[in-house]
$ cat target.cif   # mmCIF, C-alpha atoms and all ligand atoms
data_work
loop_
_atom_site.label_atom_id
_atom_site.label_comp_id
_atom_site.auth_asym_id
_atom_site.auth_seq_id
_atom_site.Cartn_x
_atom_site.Cartn_y
_atom_site.Cartn_z
CA MET A 1434 64.92 104.90 104.66
CA ILE A 1435 67.11 104.37 107.77
CA LYS A 1436 66.05 101.85 110.38
CA LEU A 1437 67.90 100.74 113.51
CA VAL A 1438 66.46 97.70 115.26
CA ASN A 1439 67.65 96.81 118.77
CA VAL A 1440 71.10 98.18 118.03
CA ASN A 1441 73.69 97.59 120.72
CA LYS A 1442 77.32 98.59 120.57
CA SER A 1443 80.07 97.79 123.01
CA PHE A 1444 83.70 98.80 122.98
CA GLY A 1445 85.27 96.07 125.08
CA ASP A 1446 83.44 96.16 128.40
CA LEU A 1447 81.92 99.56 127.66
CA HIS A 1448 78.29 99.19 126.57
CA VAL A 1449 77.72 102.47 124.72
CA LEU A 1450 74.50 101.87 122.75
CA LYS A 1451 71.67 100.09 124.47
CA ASP A 1452 68.81 98.80 122.37
CA ILE A 1453 68.51 101.72 119.98
CA ASN A 1454 65.33 101.56 117.89
CA LEU A 1455 64.96 104.36 115.44
CA GLN A 1456 63.44 104.98 112.07
CA VAL A 1457 64.18 107.97 109.85
CA GLY A 1458 61.80 108.54 106.96
CA GLU A 1459 62.70 109.60 103.45
CA GLY A 1460 63.37 113.33 103.39
CA GLU A 1461 63.11 113.60 107.15
CA LYS A 1462 65.39 115.99 109.04
CA LEU A 1463 66.31 114.39 112.35
CA VAL A 1464 68.37 116.15 115.01
CA ILE A 1465 70.14 114.21 117.75
CA ILE A 1466 71.06 116.00 120.97
CA GLY A 1467 72.42 114.89 124.31
CA PRO A 1468 75.40 115.23 126.60
CA SER A 1469 78.94 114.33 125.61
CA GLY A 1470 79.55 110.59 125.74
CA SER A 1471 75.86 109.69 125.46
CA GLY A 1472 76.37 107.77 122.21
CA LYS A 1473 75.31 110.29 119.55
CA SER A 1474 78.35 109.79 117.32
CA THR A 1475 78.28 106.04 117.72
CA THR A 1476 74.61 106.02 116.70
CA VAL A 1477 75.22 107.92 113.46
CA ARG A 1478 78.38 105.91 112.78
CA CYS A 1479 76.30 102.74 113.03
CA MET A 1480 74.01 104.14 110.32
CA ASN A 1481 76.84 103.85 107.78
CA PHE A 1482 78.68 100.97 109.46
CA LEU A 1483 81.71 103.08 110.32
CA GLU A 1484 80.93 101.23 113.52
CA GLU A 1485 79.33 97.84 113.17
CA PRO A 1486 76.78 97.17 115.89
CA THR A 1487 77.62 94.43 118.38
CA SER A 1488 74.04 93.24 117.92
CA GLY A 1489 70.91 94.45 116.19
CA GLU A 1490 70.11 95.43 112.64
CA VAL A 1491 70.60 98.48 110.44
CA TYR A 1492 68.55 98.95 107.28
CA ILE A 1493 69.15 101.46 104.51
CA ASN A 1494 66.26 101.77 102.07
CA GLY A 1495 64.95 98.42 103.26
CA VAL A 1496 68.22 96.55 102.79
CA GLN A 1497 69.96 95.23 105.87
CA LEU A 1498 73.58 96.37 106.10
CA THR A 1499 76.08 93.58 106.50
CA HIS A 1500 79.83 93.50 106.69
CA LYS A 1501 79.78 92.25 103.12
CA ASN A 1502 77.41 94.71 101.44
CA LYS A 1503 78.19 97.83 103.51
CA THR A 1504 80.75 99.33 101.15
CA GLU A 1505 78.50 99.17 98.14
CA ILE A 1506 75.33 100.35 99.89
CA VAL A 1507 76.91 103.10 101.94
CA ARG A 1508 78.94 104.41 99.01
CA SER A 1509 75.84 104.94 96.91
CA SER A 1510 73.36 106.00 99.58
CA VAL A 1511 74.96 107.53 102.67
CA ALA A 1512 77.40 110.44 103.02
CA MET A 1513 78.85 111.86 106.20
CA VAL A 1514 80.07 115.29 107.28
CA PHE A 1515 82.38 115.21 110.28
CA GLN A 1516 83.36 117.74 112.91
CA GLN A 1517 86.88 117.70 111.42
CA PHE A 1518 86.30 118.24 107.74
CA ASN A 1519 88.59 115.40 106.58
CA LEU A 1520 89.48 117.03 103.26
CA TYR A 1521 92.58 115.80 101.45
CA PRO A 1522 95.15 118.55 102.12
CA HIS A 1523 97.20 117.88 98.96
CA LYS A 1524 94.22 118.02 96.63
CA THR A 1525 92.40 121.10 95.46
CA VAL A 1526 88.80 121.76 96.39
CA LEU A 1527 87.71 120.55 92.96
CA GLU A 1528 89.80 117.38 93.28
CA ASN A 1529 88.38 116.73 96.73
CA LEU A 1530 84.90 116.87 95.23
CA THR A 1531 85.56 114.76 92.15
CA LEU A 1532 87.90 112.11 93.56
CA ALA A 1533 85.29 109.67 94.85
CA PRO A 1534 82.83 110.09 91.98
CA ILE A 1535 85.61 109.46 89.41
CA LYS A 1536 87.47 106.69 91.25
CA LEU A 1537 84.66 104.86 92.96
CA GLN A 1538 81.54 105.59 90.97
CA LYS A 1539 83.30 105.73 87.58
CA VAL A 1540 81.68 109.05 86.70
CA PRO A 1541 83.43 110.65 83.67
CA LYS A 1542 85.73 113.49 84.76
CA ALA A 1543 83.86 116.23 82.91
CA GLU A 1544 80.57 115.15 84.41
CA ALA A 1545 82.08 114.92 87.91
CA GLU A 1546 83.48 118.43 87.56
CA GLU A 1547 80.18 119.78 86.33
CA LEU A 1548 78.47 118.31 89.37
CA ALA A 1549 81.21 119.70 91.63
CA TYR A 1550 80.69 123.22 90.30
CA LYS A 1551 76.94 122.89 90.72
CA TYR A 1552 77.39 122.08 94.41
CA LEU A 1553 80.15 124.65 94.86
CA ASP A 1554 77.57 127.17 93.68
CA ILE A 1555 75.11 125.90 96.25
CA VAL A 1556 77.65 126.29 99.07
CA GLY A 1557 78.86 129.59 97.60
CA LEU A 1558 82.46 128.58 96.87
CA ARG A 1559 82.81 128.30 93.10
CA GLU A 1560 85.71 130.75 93.11
CA LYS A 1561 87.68 128.48 95.50
CA ALA A 1562 87.63 125.44 93.19
CA LYS A 1563 91.37 125.56 92.52
CA ASN A 1564 92.38 126.38 96.08
CA TYR A 1565 93.92 123.96 98.54
CA PRO A 1566 91.95 123.36 101.76
CA ALA A 1567 94.58 124.99 103.99
CA THR A 1568 93.94 128.34 102.28
CA LEU A 1569 90.28 128.28 103.31
CA SER A 1570 88.70 129.20 106.62
CA GLY A 1571 87.21 126.45 108.75
CA GLY A 1572 83.72 127.45 107.72
CA GLN A 1573 84.67 127.34 104.05
CA GLN A 1574 86.33 123.93 104.46
CA GLN A 1575 83.20 122.60 106.08
CA ARG A 1576 81.10 123.97 103.21
CA VAL A 1577 83.43 122.09 100.84
CA ALA A 1578 82.87 118.96 102.92
CA ILE A 1579 79.12 119.43 102.53
CA ALA A 1580 79.52 119.91 98.77
CA ARG A 1581 81.57 116.73 98.70
CA ALA A 1582 78.78 114.85 100.45
CA LEU A 1583 76.34 116.15 97.85
CA CYS A 1584 78.67 115.12 94.99
CA SER A 1585 78.41 111.53 96.16
CA ARG A 1586 74.74 111.72 95.14
CA ALA A 1587 73.84 110.06 98.41
CA LYS A 1588 70.34 110.92 99.49
CA ILE A 1589 71.12 110.36 103.16
CA ILE A 1590 73.58 112.77 104.76
CA LEU A 1591 74.81 112.27 108.32
CA PHE A 1592 76.27 115.29 110.11
CA ASP A 1593 78.24 114.77 113.31
CA GLU A 1594 78.62 118.12 115.08
CA PRO A 1595 79.51 119.89 111.82
CA THR A 1596 79.99 123.29 113.46
CA SER A 1597 81.67 122.29 116.73
CA ALA A 1598 85.22 122.80 115.48
CA LEU A 1599 84.52 126.19 113.88
CA ASP A 1600 85.31 129.71 115.00
CA PRO A 1601 82.09 131.27 116.29
CA GLU A 1602 81.97 133.78 113.43
CA THR A 1603 81.90 131.04 110.76
CA VAL A 1604 79.31 128.78 112.37
CA GLN A 1605 76.36 130.56 110.81
CA GLU A 1606 77.63 130.30 107.22
CA VAL A 1607 77.73 126.52 107.58
CA LEU A 1608 74.32 126.40 109.25
CA ASP A 1609 72.96 128.54 106.41
CA VAL A 1610 74.18 126.01 103.85
CA MET A 1611 72.57 123.21 105.84
CA ILE A 1612 69.33 125.17 106.11
CA ARG A 1613 69.35 125.48 102.32
CA LEU A 1614 69.58 121.67 102.07
CA VAL A 1615 66.55 121.27 104.26
CA SER A 1616 64.32 122.45 101.46
CA GLU A 1617 65.59 119.54 99.34
CA LYS A 1618 62.69 117.26 100.03
CA ASN A 1619 64.45 114.12 98.86
CA ILE A 1620 67.51 114.52 101.08
CA THR A 1621 67.34 112.79 104.44
CA MET A 1622 69.45 114.51 107.09
CA VAL A 1623 70.54 113.23 110.46
CA VAL A 1624 72.32 115.96 112.40
CA VAL A 1625 74.10 115.72 115.74
CA THR A 1626 74.35 119.28 117.00
CA HIS A 1627 74.28 121.55 120.00
CA GLU A 1628 72.87 124.38 117.89
CA MET A 1629 69.38 124.55 119.34
CA GLY A 1630 68.26 127.48 117.20
CA PHE A 1631 69.14 125.50 114.10
CA ALA A 1632 67.42 122.39 115.46
CA ARG A 1633 64.27 124.35 116.19
CA GLN A 1634 64.30 125.83 112.71
CA VAL A 1635 64.91 122.68 110.67
CA ALA A 1636 64.15 119.52 112.61
CA ASP A 1637 61.09 117.47 111.86
CA ARG A 1638 61.97 115.49 114.95
CA VAL A 1639 64.53 115.69 117.74
CA ILE A 1640 65.80 112.80 119.79
CA PHE A 1641 67.55 113.16 123.10
CA MET A 1642 70.17 110.58 124.04
CA ASP A 1643 71.63 109.90 127.43
CA ASP A 1644 73.82 107.04 128.56
CA GLY A 1645 73.46 105.07 125.34
CA ARG A 1646 69.69 105.27 125.11
CA ILE A 1647 67.10 107.41 123.41
CA ILE A 1648 65.25 108.76 126.39
CA GLU A 1649 62.99 111.29 124.72
CA GLU A 1650 61.83 112.26 121.26
CA GLY A 1651 59.42 114.66 119.66
CA THR A 1652 59.08 117.80 117.60
CA PRO A 1653 61.45 120.63 118.58
CA GLU A 1654 58.52 122.36 120.31
CA GLN A 1655 57.65 119.27 122.33
CA LEU A 1656 61.21 118.54 123.32
CA PHE A 1657 62.55 122.04 123.97
CA ASP A 1658 59.46 123.68 125.40
CA HIS A 1659 57.90 120.76 127.24
CA PRO A 1660 60.58 118.19 128.07
CA THR A 1661 59.15 115.42 130.19
CA GLU A 1662 62.34 113.69 131.30
CA GLU A 1663 64.37 115.17 134.13
CA ARG A 1664 67.65 114.45 132.35
CA THR A 1665 66.48 116.24 129.22
CA LYS A 1666 65.36 119.20 131.30
CA ALA A 1667 68.68 119.37 133.11
CA PHE A 1668 70.62 119.21 129.83
CA LEU A 1669 68.51 121.83 128.10
CA GLY A 1670 68.68 124.04 131.19
CA LYS A 1671 72.45 124.03 130.78
CA ILE A 1672 72.63 124.80 127.07
CA LEU A 1673 69.57 126.94 126.35
CA ARG A 1674 70.00 130.54 127.26
P1 LIG B 1701 78.87 111.38 121.92
O1 LIG B 1701 79.02 111.52 120.44
O2 LIG B 1701 77.46 111.47 122.38
O3 LIG B 1701 79.76 112.31 122.68
P2 LIG B 1701 80.13 108.83 121.48
O4 LIG B 1701 79.20 108.03 120.67
O5 LIG B 1701 81.30 109.44 120.80
O6 LIG B 1701 79.33 109.92 122.32
O7 LIG B 1701 80.75 107.93 122.63
C1 LIG B 1701 79.94 107.15 123.50
C2 LIG B 1701 80.87 106.39 124.46
O8 LIG B 1701 81.61 105.45 123.70
C3 LIG B 1701 81.87 107.27 125.16
O9 LIG B 1701 82.04 106.77 126.46
C4 LIG B 1701 83.12 107.09 124.34
O10 LIG B 1701 84.27 107.28 125.12
C5 LIG B 1701 83.00 105.65 123.89
N1 LIG B 1701 83.64 105.39 122.60
C6 LIG B 1701 83.32 105.94 121.41
N2 LIG B 1701 84.09 105.46 120.42
C7 LIG B 1701 84.93 104.57 121.01
C8 LIG B 1701 85.97 103.72 120.51
N3 LIG B 1701 86.30 103.68 119.22
N4 LIG B 1701 86.63 102.94 121.40
C9 LIG B 1701 86.30 102.95 122.71
N5 LIG B 1701 85.32 103.72 123.25
C10 LIG B 1701 84.65 104.52 122.42
MG MG B 1702 80.16 112.82 119.31
#
$ encode --input "target.cif" --output "structure tokens"
Amino acid sequence: MIKLVNVNKSFGDLHVLKDINLQVGEGEKLVIIGPSGSGKSTTVRCMNFLEEPTSGEVYINGVQLTHKNKTEIVRSSVAMVFQQFNLYPHKTVLENLTLAPIKLQKVPKAEAEELAYKYLDIVGLREKAKNYPATLSGGQQQRVAIARALCSRAKIILFDEPTSALDPETVQEVLDVMIRLVSEKNITMVVVTHEMGFARQVADRVIFMDDGRIIEEGTPEQLFDHPTEERTKAFLGKILR
């Protein structure tokens, strides 16, 4: 489903990803943890070619991403939910959800709106369809962003710290929506997060990154309860209470 082979990424002289090899299976829920600056965002951004690797290969459903085919493949297969929700402020919730399907995927408007309402139901925001993003709380805006990802019909959804910009009291409502997605067996999720309770609950596998490398991986139990690497232990010691 997603495969990274010897992926390296440099920004100028800064070598931020170092030989990343990683495979994510269809329907798998993968959580990526690690300290700030360790390369988590760059790794997920390489999965949809928001960042193109300096060397190495990225495969989506067996097809190698290239500069030429990335737009087409990513548009149909990979959606992303960011820390900052990136909704269009001058468009309503409904317009935010239907814009890409109508413009890019040529879905008829009525069908796009039907799909939008279906996913608004799933994230619990049907009644906000005609609202503008600024009138919603951060948690609600992020739930709209998740609905938008679902409206793209992509079966791979990348989440980069989706709750990090939220007020503490709205974090759980977003996690709850994500937990609901986990039961969708055909949706592959890659989630960068510091929410260890969530990771423990949903992850099939957790990888720990430090200094541009994957230094440890396993089930949540293996990684959180029995970390073998000193750097993982030190990190978890800091964030697990
Ligand atoms: P994380 O998400 O784990 O905090 P990132 O992948 O965002 O880490 O960043 C890894 C390293 O790459 C950091 O040192 C960061 O400053 C650097 N970096 C990320 N994006 C860019 C960029 N566009 N230009 C230059 N340096 C970058
Ligand atoms: Mg990051």
$ atom_distance --input "target.cif" --atom1 "CA of Tyr1550 (chain A)" --atom2 "CA of Thr1596 (chain A)"
23.2 Å
$ closest_residue --input "target.cif" --among "A:Gly1630, A:Cys1584, A:Ile1555, A:Asp1658" --to "Ile1535 (chain A)" --atoms "all atoms listed in the file"
A:Cys1584
$ closest_atom_pairs --input "target.cif" --of "chain A" --to "ligand LIG 1701 (chain B)" --cutoff "9 Å" --atoms "only C-alpha atoms and all ligand atoms" --output "Markdown table"
| residue | atom | partner | partner_atom | distance |
| --- | --- | --- | --- | --- |
| A:Lys1442 | CA | B:LIG1701 | O8 | 8.7 |
| A:Ser1443 | CA | B:LIG1701 | O8 | 7.8 |
| A:Phe1444 | CA | B:LIG1701 | C9 | 4.9 |
| A:Gly1445 | CA | B:LIG1701 | C9 | 7.3 |
| A:Leu1447 | CA | B:LIG1701 | N5 | 7.0 |
| A:His1448 | CA | B:LIG1701 | O8 | 7.6 |
| A:Val1449 | CA | B:LIG1701 | O8 | 5.0 |
| A:Leu1450 | CA | B:LIG1701 | C1 | 7.6 |
| A:Ile1466 | CA | B:LIG1701 | O2 | 8.0 |
| A:Gly1467 | CA | B:LIG1701 | O2 | 6.4 |
| A:Pro1468 | CA | B:LIG1701 | O2 | 6.0 |
| A:Ser1469 | CA | B:LIG1701 | O3 | 3.7 |
| A:Gly1470 | CA | B:LIG1701 | O6 | 3.5 |
| A:Ser1471 | CA | B:LIG1701 | O2 | 3.9 |
| A:Gly1472 | CA | B:LIG1701 | O4 | 3.2 |
| A:Lys1473 | CA | B:LIG1701 | O2 | 3.7 |
| A:Ser1474 | CA | B:LIG1701 | O1 | 3.6 |
| A:Thr1475 | CA | B:LIG1701 | O4 | 3.7 |
| A:Thr1476 | CA | B:LIG1701 | O4 | 6.4 |
| A:Val1477 | CA | B:LIG1701 | O4 | 8.2 |
| A:Arg1478 | CA | B:LIG1701 | O4 | 8.2 |
| A:Glu1484 | CA | B:LIG1701 | N3 | 8.2 |
| A:Asp1593 | CA | B:LIG1701 | O1 | 7.9 |
| A:Glu1594 | CA | B:LIG1701 | O1 | 8.5 |
| A:Val1625 | CA | B:LIG1701 | O1 | 8.0 |
| A:Met1642 | CA | B:LIG1701 | O2 | 7.5 |
| A:Asp1643 | CA | B:LIG1701 | O2 | 7.9 |
| A:Asp1644 | CA | B:LIG1701 | C1 | 7.9 |
| A:Gly1645 | CA | B:LIG1701 | C1 | 7.0 |
$ closest_residue --input "target.cif" --among "A:Glu1544, A:Lys1503, A:Glu1628, A:Ala1580" --to "Leu1530 (chain A)" --atoms "all atoms listed in the file"
A:Ala1580
$ closest_residue --input "target.cif" --among "A:Ser1597, A:Ser1616, A:Gln1574, A:Thr1603" --to "ligand MG 1702 (chain B)" --atoms "all atoms listed in the file"
A:Ser1597
$ decode --input "target.cif" --residues "region 1486-1498 of chain A" --atoms "all heavy atoms" --output "PDB file, in the first residue's frame"
ATOM      1  N   PRO A1486      11.640  13.058  -2.051  1.00  0.00           N
ATOM      2  CA  PRO A1486      12.895  12.579  -1.467  1.00  0.00           C
ATOM      3  C   PRO A1486      14.103  12.998  -2.319  1.00  0.00           C
ATOM      4  O   PRO A1486      13.985  13.120  -3.537  1.00  0.00           O
ATOM      5  CB  PRO A1486      12.744  11.060  -1.492  1.00  0.00           C
ATOM      6  CG  PRO A1486      11.272  10.815  -1.526  1.00  0.00           C
ATOM      7  CD  PRO A1486      10.684  11.968  -2.278  1.00  0.00           C
ATOM      8  N   THR A1487      15.222  13.221  -1.650  1.00  0.00           N
ATOM      9  CA  THR A1487      16.459  13.517  -2.359  1.00  0.00           C
ATOM     10  C   THR A1487      16.953  12.254  -3.063  1.00  0.00           C
ATOM     11  O   THR A1487      17.498  12.307  -4.159  1.00  0.00           O
ATOM     12  CB  THR A1487      17.522  14.025  -1.355  1.00  0.00           C
ATOM     13  OG1 THR A1487      16.931  15.073  -0.574  1.00  0.00           O
ATOM     14  CG2 THR A1487      18.746  14.551  -2.069  1.00  0.00           C
ATOM     15  N   SER A1488      16.744  11.105  -2.403  1.00  0.00           N
ATOM     16  CA  SER A1488      17.004   9.822  -3.064  1.00  0.00           C
ATOM     17  C   SER A1488      16.087   8.778  -2.446  1.00  0.00           C
ATOM     18  O   SER A1488      15.509   8.992  -1.390  1.00  0.00           O
ATOM     19  CB  SER A1488      18.474   9.418  -2.925  1.00  0.00           C
ATOM     20  OG  SER A1488      18.754   9.116  -1.567  1.00  0.00           O
ATOM     21  N   GLY A1489      15.962   7.663  -3.130  1.00  0.00           N
ATOM     22  CA  GLY A1489      15.084   6.599  -2.642  1.00  0.00           C
ATOM     23  C   GLY A1489      13.767   6.587  -3.389  1.00  0.00           C
ATOM     24  O   GLY A1489      13.526   7.422  -4.264  1.00  0.00           O
ATOM     25  N   GLU A1490      12.933   5.622  -3.031  1.00  0.00           N
ATOM     26  CA  GLU A1490      11.693   5.414  -3.780  1.00  0.00           C
ATOM     27  C   GLU A1490      10.477   5.388  -2.853  1.00  0.00           C
ATOM     28  O   GLU A1490      10.557   4.915  -1.727  1.00  0.00           O
ATOM     29  CB  GLU A1490      11.766   4.057  -4.508  1.00  0.00           C
ATOM     30  CG  GLU A1490      12.819   4.018  -5.602  1.00  0.00           C
ATOM     31  CD  GLU A1490      13.501   2.668  -5.692  1.00  0.00           C
ATOM     32  OE1 GLU A1490      12.848   1.642  -5.409  1.00  0.00           O
ATOM     33  OE2 GLU A1490      14.698   2.646  -6.031  1.00  0.00           O
ATOM     34  N   VAL A1491       9.378   5.900  -3.370  1.00  0.00           N
ATOM     35  CA  VAL A1491       8.096   5.855  -2.659  1.00  0.00           C
ATOM     36  C   VAL A1491       7.089   5.169  -3.566  1.00  0.00           C
ATOM     37  O   VAL A1491       6.962   5.538  -4.743  1.00  0.00           O
ATOM     38  CB  VAL A1491       7.602   7.277  -2.313  1.00  0.00           C
ATOM     39  CG1 VAL A1491       6.237   7.208  -1.617  1.00  0.00           C
ATOM     40  CG2 VAL A1491       8.610   8.012  -1.434  1.00  0.00           C
ATOM     41  N   TYR A1492       6.407   4.163  -3.032  1.00  0.00           N
ATOM     42  CA  TYR A1492       5.396   3.452  -3.804  1.00  0.00           C
ATOM     43  C   TYR A1492       4.031   3.606  -3.137  1.00  0.00           C
ATOM     44  O   TYR A1492       3.907   3.493  -1.922  1.00  0.00           O
ATOM     45  CB  TYR A1492       5.719   1.954  -3.881  1.00  0.00           C
ATOM     46  CG  TYR A1492       6.994   1.647  -4.632  1.00  0.00           C
ATOM     47  CD1 TYR A1492       8.214   1.686  -3.974  1.00  0.00           C
ATOM     48  CD2 TYR A1492       6.970   1.320  -5.982  1.00  0.00           C
ATOM     49  CE1 TYR A1492       9.391   1.414  -4.651  1.00  0.00           C
ATOM     50  CE2 TYR A1492       8.136   1.049  -6.671  1.00  0.00           C
ATOM     51  CZ  TYR A1492       9.347   1.099  -5.999  1.00  0.00           C
ATOM     52  OH  TYR A1492      10.508   0.835  -6.676  1.00  0.00           O
ATOM     53  N   ILE A1493       3.028   3.872  -3.940  1.00  0.00           N
ATOM     54  CA  ILE A1493       1.643   3.883  -3.466  1.00  0.00           C
ATOM     55  C   ILE A1493       0.898   2.811  -4.251  1.00  0.00           C
ATOM     56  O   ILE A1493       0.858   2.869  -5.489  1.00  0.00           O
ATOM     57  CB  ILE A1493       0.980   5.266  -3.701  1.00  0.00           C
ATOM     58  CG1 ILE A1493       1.720   6.372  -2.926  1.00  0.00           C
ATOM     59  CG2 ILE A1493      -0.507   5.224  -3.319  1.00  0.00           C
ATOM     60  CD1 ILE A1493       1.654   6.277  -1.417  1.00  0.00           C
ATOM     61  N   ASN A1494       0.362   1.853  -3.549  1.00  0.00           N
ATOM     62  CA  ASN A1494      -0.331   0.730  -4.214  1.00  0.00           C
ATOM     63  C   ASN A1494       0.509   0.115  -5.329  1.00  0.00           C
ATOM     64  O   ASN A1494       0.004  -0.190  -6.414  1.00  0.00           O
ATOM     65  CB  ASN A1494      -1.679   1.185  -4.771  1.00  0.00           C
ATOM     66  CG  ASN A1494      -2.599   1.702  -3.673  1.00  0.00           C
ATOM     67  OD1 ASN A1494      -2.550   1.197  -2.551  1.00  0.00           O
ATOM     68  ND2 ASN A1494      -3.407   2.694  -3.972  1.00  0.00           N
ATOM     69  N   GLY A1495       1.799  -0.015  -5.079  1.00  0.00           N
ATOM     70  CA  GLY A1495       2.678  -0.687  -6.034  1.00  0.00           C
ATOM     71  C   GLY A1495       3.204   0.196  -7.151  1.00  0.00           C
ATOM     72  O   GLY A1495       4.040  -0.249  -7.937  1.00  0.00           O
ATOM     73  N   VAL A1496       2.732   1.437  -7.211  1.00  0.00           N
ATOM     74  CA  VAL A1496       3.198   2.337  -8.273  1.00  0.00           C
ATOM     75  C   VAL A1496       4.197   3.323  -7.692  1.00  0.00           C
ATOM     76  O   VAL A1496       3.920   3.978  -6.677  1.00  0.00           O
ATOM     77  CB  VAL A1496       2.017   3.112  -8.900  1.00  0.00           C
ATOM     78  CG1 VAL A1496       2.512   4.050 -10.003  1.00  0.00           C
ATOM     79  CG2 VAL A1496       0.968   2.157  -9.429  1.00  0.00           C
ATOM     80  N   GLN A1497       5.349   3.433  -8.324  1.00  0.00           N
ATOM     81  CA  GLN A1497       6.353   4.356  -7.812  1.00  0.00           C
ATOM     82  C   GLN A1497       5.958   5.795  -8.123  1.00  0.00           C
ATOM     83  O   GLN A1497       5.654   6.146  -9.267  1.00  0.00           O
ATOM     84  CB  GLN A1497       7.719   4.051  -8.438  1.00  0.00           C
ATOM     85  CG  GLN A1497       8.812   4.918  -7.801  1.00  0.00           C
ATOM     86  CD  GLN A1497      10.203   4.614  -8.315  1.00  0.00           C
ATOM     87  OE1 GLN A1497      10.409   3.649  -9.062  1.00  0.00           O
ATOM     88  NE2 GLN A1497      11.167   5.425  -7.925  1.00  0.00           N
ATOM     89  N   LEU A1498       5.961   6.628  -7.080  1.00  0.00           N
ATOM     90  CA  LEU A1498       5.653   8.049  -7.282  1.00  0.00           C
ATOM     91  C   LEU A1498       6.815   8.721  -7.987  1.00  0.00           C
ATOM     92  O   LEU A1498       7.986   8.514  -7.642  1.00  0.00           O
ATOM     93  CB  LEU A1498       5.436   8.753  -5.931  1.00  0.00           C
ATOM     94  CG  LEU A1498       4.114   8.564  -5.203  1.00  0.00           C
ATOM     95  CD1 LEU A1498       4.086   9.444  -3.951  1.00  0.00           C
ATOM     96  CD2 LEU A1498       2.933   8.892  -6.099  1.00  0.00           C
TER      97      LEU A1498
END
